[in-house]
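Everything on this sheet refers to the single structure shown next.
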Amino acid sequence: MFSGIVEECAKVVKIVKEQENLHLTLTCSFVNELKIDQSVSHNGVCLTVVHIENNTYTVTAMKETIERSNIGLLKEGDEVNVERSMLMNGRLDGHIVQGHVDQTAVCTAIDDADGSWYFTFKYDFQPEMAKRGYFTVDKGSVTVNGVSLTVCNPMQDSFQVAIIPYTFEHTNFHTLHIGSVVNLEFDIIGKYLSRMMQLVG
């Protein structure tokens, strides 16, 4: 489980394709604190550390993960938002994030807000999935590339988020442009409520 509060950006140093799997090797400041089998969120995708060597670590993404996320679009040199799993004795500064990406979205606009920015994202809206909680609500939570954010101006298939300078500088939001593909995880509480309404309805 994660909070959506990104620790830093890791750098992709190597990508190896093996059958339907991708082995990603990255480097970041806390490599020496990692352990094999530890879960780390990468752009919101929970991946397991399988190898550690020379200030780098390796995780493996399988076909399902590649199809649902932007992991397969990564290139060597790309920056990836990383967060280690949440400590249960600390504050939940973001919201409950599982690290299970639901789908991708495309950045369609970046608007200056006098020191901050509004990013607009458009996703594939499917009515059946919306009934299961795959949608956004005004002032609700959404995870974009692993970052816990508050939704504003939600539409049927799009929404905006406001990005302050700290978030812009300390996550890979500073690398996004119109056309960038990001990972979305909709709020798990909304999913449970939608499911309950279906069962009792």
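In the structure tokens, chains take letters A, B, ... by order of appearance, with residues numbered from 1 within each chain and ligands from 1 in the order shown.
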
Practice task
Pick out each residue of range 59-185 of chain A that DSSP on the backbone tags as strand (DSSP E or B); I need them as a ChimeraX atom specification.
Solution key: /A:59-61,79-84,97,103-112,117-123,141-144,147-152,158-163,181-185

Quick one: residues within 6 Å of range 106-121 of chain A, only C-alpha atoms, excluding same-chain residues fewer than 4 positions away - as a PDB file with N, CA, C and O atoms, in the first residue's frame?
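As a result, selection.pdb now contains:
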```pdb
ATOM      1  N   SER A 158     -12.590  13.228 -18.745  1.00  0.00           N
ATOM      2  CA  SER A 158     -11.394  14.018 -18.496  1.00  0.00           C
ATOM      3  C   SER A 158     -11.476  14.697 -17.135  1.00  0.00           C
ATOM      4  O   SER A 158     -12.545  14.750 -16.518  1.00  0.00           O
ATOM      5  N   PHE A 159     -10.358  15.225 -16.690  1.00  0.00           N
ATOM      6  CA  PHE A 159     -10.311  15.952 -15.418  1.00  0.00           C
ATOM      7  C   PHE A 159      -9.051  16.799 -15.409  1.00  0.00           C
ATOM      8  O   PHE A 159      -8.148  16.618 -16.224  1.00  0.00           O
ATOM      9  N   GLN A 160      -9.015  17.736 -14.468  1.00  0.00           N
ATOM     10  CA  GLN A 160      -7.828  18.555 -14.262  1.00  0.00           C
ATOM     11  C   GLN A 160      -7.270  18.305 -12.870  1.00  0.00           C
ATOM     12  O   GLN A 160      -7.997  17.893 -11.956  1.00  0.00           O
ATOM     13  N   VAL A 161      -5.976  18.571 -12.735  1.00  0.00           N
ATOM     14  CA  VAL A 161      -5.338  18.597 -11.420  1.00  0.00           C
ATOM     15  C   VAL A 161      -4.475  19.850 -11.358  1.00  0.00           C
ATOM     16  O   VAL A 161      -3.936  20.295 -12.378  1.00  0.00           O
ATOM     17  N   ALA A 162      -4.372  20.429 -10.179  1.00  0.00           N
ATOM     18  CA  ALA A 162      -3.527  21.602  -9.968  1.00  0.00           C
ATOM     19  C   ALA A 162      -2.191  21.142  -9.401  1.00  0.00           C
ATOM     20  O   ALA A 162      -2.144  20.388  -8.426  1.00  0.00           O
ATOM     21  N   ILE A 163      -1.118  21.578 -10.013  1.00  0.00           N
ATOM     22  CA  ILE A 163       0.223  21.150  -9.620  1.00  0.00           C
ATOM     23  C   ILE A 163       1.000  22.349  -9.086  1.00  0.00           C
ATOM     24  O   ILE A 163       1.231  23.336  -9.796  1.00  0.00           O
ATOM     25  N   ILE A 164       1.401  22.270  -7.818  1.00  0.00           N
ATOM     26  CA  ILE A 164       2.186  23.335  -7.206  1.00  0.00           C
ATOM     27  C   ILE A 164       3.660  23.177  -7.596  1.00  0.00           C
ATOM     28  O   ILE A 164       4.082  22.102  -8.053  1.00  0.00           O
ATOM     29  N   PRO A 165       4.455  24.236  -7.441  1.00  0.00           N
ATOM     30  CA  PRO A 165       5.862  24.151  -7.852  1.00  0.00           C
ATOM     31  C   PRO A 165       6.625  22.986  -7.223  1.00  0.00           C
ATOM     32  O   PRO A 165       7.438  22.349  -7.900  1.00  0.00           O
ATOM     33  N   ILE A 178       1.983  17.988 -23.700  1.00  0.00           N
ATOM     34  CA  ILE A 178       0.731  17.587 -24.341  1.00  0.00           C
ATOM     35  C   ILE A 178       1.006  16.354 -25.195  1.00  0.00           C
ATOM     36  O   ILE A 178       1.929  16.335 -26.004  1.00  0.00           O
ATOM     37  N   GLY A 179       0.239  15.304 -24.948  1.00  0.00           N
ATOM     38  CA  GLY A 179       0.454  14.027 -25.623  1.00  0.00           C
ATOM     39  C   GLY A 179       1.112  12.985 -24.744  1.00  0.00           C
ATOM     40  O   GLY A 179       1.132  11.797 -25.093  1.00  0.00           O
ATOM     41  N   SER A 180       1.662  13.395 -23.583  1.00  0.00           N
ATOM     42  CA  SER A 180       2.274  12.422 -22.669  1.00  0.00           C
ATOM     43  C   SER A 180       1.234  11.448 -22.147  1.00  0.00           C
ATOM     44  O   SER A 180       0.104  11.829 -21.831  1.00  0.00           O
ATOM     45  N   VAL A 181       1.631  10.191 -22.024  1.00  0.00           N
ATOM     46  CA  VAL A 181       0.753   9.149 -21.493  1.00  0.00           C
ATOM     47  C   VAL A 181       1.100   8.916 -20.031  1.00  0.00           C
ATOM     48  O   VAL A 181       2.270   8.708 -19.684  1.00  0.00           O
TER      49      VAL A 181
END
```

- Item | Distance query Gln98 in chain A at most 10 Å, only C-alpha atoms, self and fewer than 6 positions along chain excluded, as a PyMOL selection string | chain A and resi 1-4+41+44-46+85+143+146+185-188

Got a sec to tell me which of range 24-193 of chain A DSSP assigns to helix (DSSP H, G or I), as a PyMOL selection string? chain A and resi 31-33+63-68+71-73+127-130+165-170+172-175+188-193

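Using only C-alpha atoms, the protein and nucleic acid residues lying no more than 8 Å from Ile15 in chain A, apart from those fewer than 5 places from it along its own chain, are Leu22, His23, Leu24, Thr25, Lys75 and Glu76 of chain A.
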
For the selection you just gave me, I'd like the residues written to a file as a CSV table (one decimal), in the first residue's frame, keeping C-alpha atoms.
```csv
chain,number,residue,atom,x,y,z
A,22,LEU,CA,10.3,-6.1,-19.2
A,23,HIS,CA,13.2,-6.0,-16.8
A,24,LEU,CA,13.8,-2.3,-15.7
A,25,THR,CA,17.0,-1.3,-14.0
A,75,LYS,CA,13.1,4.6,-22.4
A,76,GLU,CA,16.6,4.6,-20.9
```

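Among the candidates A:Glu18, A:Asn32, A:Val12, A:Ile5, the one nearest to Ile96 in chain A when counting only C-alpha atoms is A:Ile5.
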
Show me, as a PyMOL selection string, the residues that have an atom within 12 Å of range 77-81 of chain A when counting only C-alpha atoms, minus same-chain residues fewer than 6 positions from it.
chain A and resi 4-15+24-28+40-46+70-71+143-148+167-176+182-183

Near Lys139 in chain A, counting only C-alpha atoms, which residues have an atom at most 6 Å away, once you skip same-chain residues fewer than 4 positions from it, shown as a PyMOL selection string?
-> chain A and resi 150-152

Residue selection dump (N, CA, C and O atoms) as a PDB file, in the first residue's frame:
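selection34.pdb, written as the output of this step:
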```pdb
ATOM      1  N   THR A 150      -5.737  15.959  -6.099  1.00  0.00           N
ATOM      2  CA  THR A 150      -7.150  16.296  -5.944  1.00  0.00           C
ATOM      3  C   THR A 150      -7.719  16.699  -7.301  1.00  0.00           C
ATOM      4  O   THR A 150      -7.140  17.517  -8.009  1.00  0.00           O
ATOM      5  N   VAL A 151      -8.857  16.103  -7.639  1.00  0.00           N
ATOM      6  CA  VAL A 151      -9.499  16.352  -8.930  1.00  0.00           C
ATOM      7  C   VAL A 151     -10.202  17.701  -8.933  1.00  0.00           C
ATOM      8  O   VAL A 151     -10.843  18.091  -7.951  1.00  0.00           O
ATOM      9  N   CYS A 152     -10.095  18.415 -10.051  1.00  0.00           N
ATOM     10  CA  CYS A 152     -10.935  19.589 -10.274  1.00  0.00           C
ATOM     11  C   CYS A 152     -11.471  19.526 -11.701  1.00  0.00           C
ATOM     12  O   CYS A 152     -10.855  18.923 -12.578  1.00  0.00           O
TER      13      CYS A 152
END
```
